[in-house]
There are 2 protein chains.
Amino acid sequence: MNNDTRIKDVMDKAIAEAKKTMNADVGGPFGAAIIDSNGKIISVASNSVLKDHDPTAHAEMNAIRMAGEKLGTHDLTGCTLVTTAYPCPMCLGATIWANIKHVIYGCRPKDAEAIGFRDDFIYRFIRDDYPDKKVLVLTEKLREQCLDLFQEYKNKEKTIY
Amino acid sequence: MNNDTRIKDVMDKAIAEAKKTMNADVGGPFGAAIIDSNGKIISVASNSVLKDHDPTAHAEMNAIRMAGEKLGTHDLTGCTLVTTAYPCPMCLGATIWANIKHVIYGCRPKDAEAIGFRDDFIYRFIRDDYPDKKVLVLTEKLREQCLDLFQEYKNKEKTIY
């Protein structure tokens, strides 16, 4: 099986999972899988925001969490994320934190916007390319006190992750 | 108790939670709380990436997930996120998905960078302000097939979230 056939097989599984849950009103039309460097599937998941009462439960997040649990590490170096849509900033952030270096996606952020999702809006918010800043106001307070916490961390033995 | 005293009290609790777990090697020096519109604490959490083998288990994510579970909804409209550091793009995305409109933060992304964390790097990656694109490669494949999934969703009765 060549690489493209393998990816299509993985994407088919992500799509099947997405269809199953979206039609049960578990969450939106999004599916994702994590595969290792040999193309072996570690996890397949879909959006479960509604069922789990969890705004973070996007398909990619669920797939990353399942893979971390399965492999016993937060570090998914060498893995690839296959997802039905370009990850939103939350999922893109999670992908980088997980040390995943390759994402294969189907739909674009604008495609998700066309069916009512805010992925592209959040990208524009982060890029300061959105006029209505009132959607989210960020206020700095008590920085000195929080810097003391960072200093305490800096002084201790630890792993950076 | 005025508003500033209340926020200091909430931040103190977030810092205390962060110290407790960072010193047990559960996760990094980050704490967060969700409060409702009356200033009542709904959840307090800290980073548990290492203990949970979960790269998504930042303090803000854990606090949002706990609040969603407690309130029985993914929609945290009216709540405020109080956090020891400016949310990374993952946590900022989660905040917007949760419909939270106000974040009070202590340290800045550059402060987190100074103690070894990649929050600021991920912001620069999203803003296309980082030279090394190889940290993460995103490849579009099978878009038409994934658009069929979106179309199926578009045609069905549903809640947008």
# chains A, B, ... in the order shown; residues from 1 in each chain; ligands from 1
$ interface_residues --of "chain A" --to "chain B" --cutoff "7 Å" --atoms "only C-alpha atoms" --output "MDAnalysis selection string"
chainID A and resid 29 49:50 53:56 65 68:69 72:74 84 89:91 93:94 97:98 101:107 115:116 122 127 135:143 146:147 149:150 153:154 160
$ write_last_selection --atoms "C-alpha atoms" --output "short mmCIF file (atom, residue, chain, number, x, y, z; two decimals), in the first residue's frame"
data_model
loop_
_atom_site.label_atom_id
_atom_site.label_comp_id
_atom_site.auth_asym_id
_atom_site.auth_seq_id
_atom_site.Cartn_x
_atom_site.Cartn_y
_atom_site.Cartn_z
CA PRO A 29 -18.52 17.13 11.56
CA VAL A 49 -18.18 18.98 22.52
CA LEU A 50 -21.94 18.56 23.00
CA HIS A 53 -20.02 19.44 27.82
CA ASP A 54 -16.44 20.22 26.89
CA PRO A 55 -15.61 23.12 24.53
CA THR A 56 -12.09 21.70 24.15
CA ARG A 65 -5.32 12.95 24.30
CA GLY A 68 -0.92 10.39 24.84
CA GLU A 69 -2.83 8.07 27.13
CA GLY A 72 2.01 6.92 28.18
CA THR A 73 3.61 10.24 27.24
CA HIS A 74 2.70 13.82 26.37
CA THR A 84 -10.81 16.26 8.16
CA PRO A 89 -5.73 27.61 16.74
CA MET A 90 -6.57 25.52 19.82
CA CYS A 91 -5.85 22.26 18.00
CA GLY A 93 -1.40 24.77 19.53
CA ALA A 94 -2.02 21.29 20.96
CA TRP A 97 2.83 21.21 22.23
CA ALA A 98 2.64 17.47 21.41
CA LYS A 101 5.62 17.87 13.02
CA HIS A 102 3.21 16.94 10.24
CA VAL A 103 -0.51 17.56 9.80
CA ILE A 104 -2.53 16.27 6.84
CA TYR A 105 -5.87 18.05 6.62
CA GLY A 106 -8.90 18.00 4.30
CA CYS A 107 -11.04 21.16 4.54
CA ILE A 115 -20.85 25.76 7.75
CA GLY A 116 -20.93 28.06 10.80
CA ILE A 122 -10.07 32.80 15.89
CA ARG A 127 -3.51 37.86 13.81
CA VAL A 135 -15.35 39.34 21.59
CA LEU A 136 -12.57 38.78 24.14
CA VAL A 137 -10.88 41.30 26.41
CA LEU A 138 -7.56 40.35 28.00
CA THR A 139 -6.51 42.37 31.06
CA GLU A 140 -3.12 42.15 32.76
CA LYS A 141 -3.20 42.14 36.59
CA LEU A 142 -0.88 40.95 39.39
CA ARG A 143 2.04 40.26 37.03
CA CYS A 146 2.80 35.64 39.04
CA LEU A 147 6.43 36.30 38.07
CA LEU A 149 5.76 31.80 40.72
CA PHE A 150 7.79 31.60 37.49
CA TYR A 153 9.89 27.27 38.93
CA LYS A 154 13.07 28.56 37.31
CA ILE A 160 10.50 21.47 30.25
#
$ select_by_dssp --residues "chain B" --states "alpha helix (DSSP H)" --output "ChimeraX atom specification"
/B:3-22,49-52,59-71,89-97,109-114,119-126,143-154
$ write_last_selection --atoms "C-alpha atoms" --output "short mmCIF file (atom, residue, chain, number, x, y, z; two decimals), in the first residue's frame"
data_model
loop_
_atom_site.label_atom_id
_atom_site.label_comp_id
_atom_site.auth_asym_id
_atom_site.auth_seq_id
_atom_site.Cartn_x
_atom_site.Cartn_y
_atom_site.Cartn_z
CA ASN B 3 -13.46 43.69 42.58
CA ASP B 4 -9.66 43.99 42.74
CA THR B 5 -9.52 42.28 46.14
CA ARG B 6 -11.75 39.53 44.77
CA ILE B 7 -9.52 39.01 41.73
CA LYS B 8 -6.43 38.90 43.97
CA ASP B 9 -8.11 36.24 46.08
CA VAL B 10 -8.91 34.15 42.99
CA MET B 11 -5.37 34.61 41.59
CA ASP B 12 -3.94 33.55 44.97
CA LYS B 13 -5.89 30.30 44.72
CA ALA B 14 -4.68 29.71 41.15
CA ILE B 15 -1.07 30.34 42.24
CA ALA B 16 -1.43 28.03 45.24
CA GLU B 17 -2.75 25.25 42.97
CA ALA B 18 0.12 25.82 40.50
CA LYS B 19 2.74 25.62 43.28
CA LYS B 20 1.27 22.45 44.67
CA THR B 21 1.37 20.56 41.36
CA MET B 22 4.59 22.01 39.92
CA VAL B 49 0.67 17.64 31.31
CA LEU B 50 3.27 15.34 32.87
CA LYS B 51 1.03 13.40 35.24
CA ASP B 52 -1.79 12.95 32.73
CA ALA B 59 -4.20 24.99 33.60
CA GLU B 60 -6.71 26.99 31.55
CA MET B 61 -7.85 23.92 29.60
CA ASN B 62 -8.31 21.93 32.80
CA ALA B 63 -10.23 24.81 34.43
CA ILE B 64 -12.49 25.19 31.36
CA ARG B 65 -13.14 21.44 31.18
CA MET B 66 -13.93 21.26 34.92
CA ALA B 67 -16.30 24.23 34.64
CA GLY B 68 -18.09 22.69 31.63
CA GLU B 69 -18.52 19.43 33.51
CA LYS B 70 -19.74 21.22 36.66
CA LEU B 71 -22.23 23.44 34.83
CA PRO B 89 -2.97 29.95 21.40
CA MET B 90 -4.44 26.57 22.41
CA CYS B 91 -5.93 28.00 25.60
CA LEU B 92 -6.98 31.25 23.92
CA GLY B 93 -8.81 29.20 21.31
CA ALA B 94 -10.53 27.15 24.02
CA THR B 95 -11.54 30.37 25.79
CA ILE B 96 -13.23 31.73 22.66
CA TRP B 97 -14.89 28.38 21.88
CA PRO B 109 3.98 35.18 26.72
CA LYS B 110 7.56 36.51 26.78
CA ASP B 111 7.73 35.79 30.54
CA ALA B 112 6.79 32.16 29.83
CA GLU B 113 9.42 32.04 27.08
CA ALA B 114 12.02 33.24 29.58
CA ASP B 119 3.69 30.05 24.12
CA ASP B 120 5.22 33.01 22.34
CA PHE B 121 6.74 30.81 19.65
CA ILE B 122 3.30 29.37 18.82
CA TYR B 123 1.87 32.91 18.55
CA ARG B 124 4.67 33.82 16.15
CA PHE B 125 4.08 30.63 14.15
CA ILE B 126 0.39 31.51 13.71
CA ARG B 143 -10.40 18.13 0.49
CA GLU B 144 -13.29 17.15 -1.80
CA GLN B 145 -13.98 14.04 0.26
CA CYS B 146 -13.96 16.07 3.49
CA LEU B 147 -16.18 18.76 1.94
CA ASP B 148 -18.78 16.01 1.36
CA LEU B 149 -18.79 15.48 5.13
CA PHE B 150 -19.33 19.22 5.71
CA GLN B 151 -22.16 19.19 3.16
CA GLU B 152 -23.85 16.31 4.95
CA TYR B 153 -23.61 18.33 8.18
CA LYS B 154 -24.95 21.46 6.49
#
$ atom_distance --atom1 "atom CA of A:Ser37" --atom2 "atom CA of A:Thr77"
9.2 Å
$ select_by_dssp --residues "stretch 40-81 of chain A" --states "strand (DSSP E)" --output "MDAnalysis selection string"
chainID A and resid 41:46 80:81
$ write_last_selection --atoms "N, CA, C and O atoms" --output "compact mmCIF listing (two decimals), in the first residue's frame"
# COMPACT_ATOMS: atom_id res chain seq x y z
N ILE A 41 -2.16 3.34 12.92
CA ILE A 41 -3.10 4.21 13.65
C ILE A 41 -2.96 4.01 15.16
O ILE A 41 -3.05 2.89 15.66
N ILE A 42 -2.75 5.12 15.86
CA ILE A 42 -2.70 5.07 17.33
C ILE A 42 -4.06 5.44 17.92
O ILE A 42 -4.50 4.84 18.89
N SER A 43 -4.71 6.44 17.31
CA SER A 43 -6.02 6.84 17.82
C SER A 43 -6.87 7.42 16.69
O SER A 43 -6.33 8.01 15.76
N VAL A 44 -8.16 7.24 16.80
CA VAL A 44 -9.13 7.88 15.90
C VAL A 44 -10.20 8.49 16.79
O VAL A 44 -10.67 7.84 17.72
N ALA A 45 -10.56 9.74 16.53
CA ALA A 45 -11.54 10.40 17.40
C ALA A 45 -12.35 11.39 16.59
O ALA A 45 -12.00 11.74 15.46
N SER A 46 -13.43 11.86 17.21
CA SER A 46 -14.25 12.89 16.57
C SER A 46 -14.63 13.93 17.61
O SER A 46 -14.31 13.79 18.79
N THR A 80 2.03 11.70 13.11
CA THR A 80 1.35 12.61 12.17
C THR A 80 -0.12 12.70 12.56
O THR A 80 -0.72 11.70 12.95
N LEU A 81 -0.66 13.91 12.45
CA LEU A 81 -2.09 14.12 12.69
C LEU A 81 -2.80 14.18 11.34
O LEU A 81 -2.42 14.97 10.47
$ atom_distance --atom1 "atom CA of A:Ile34" --atom2 "atom CA of B:Ala32"
28.9 Å
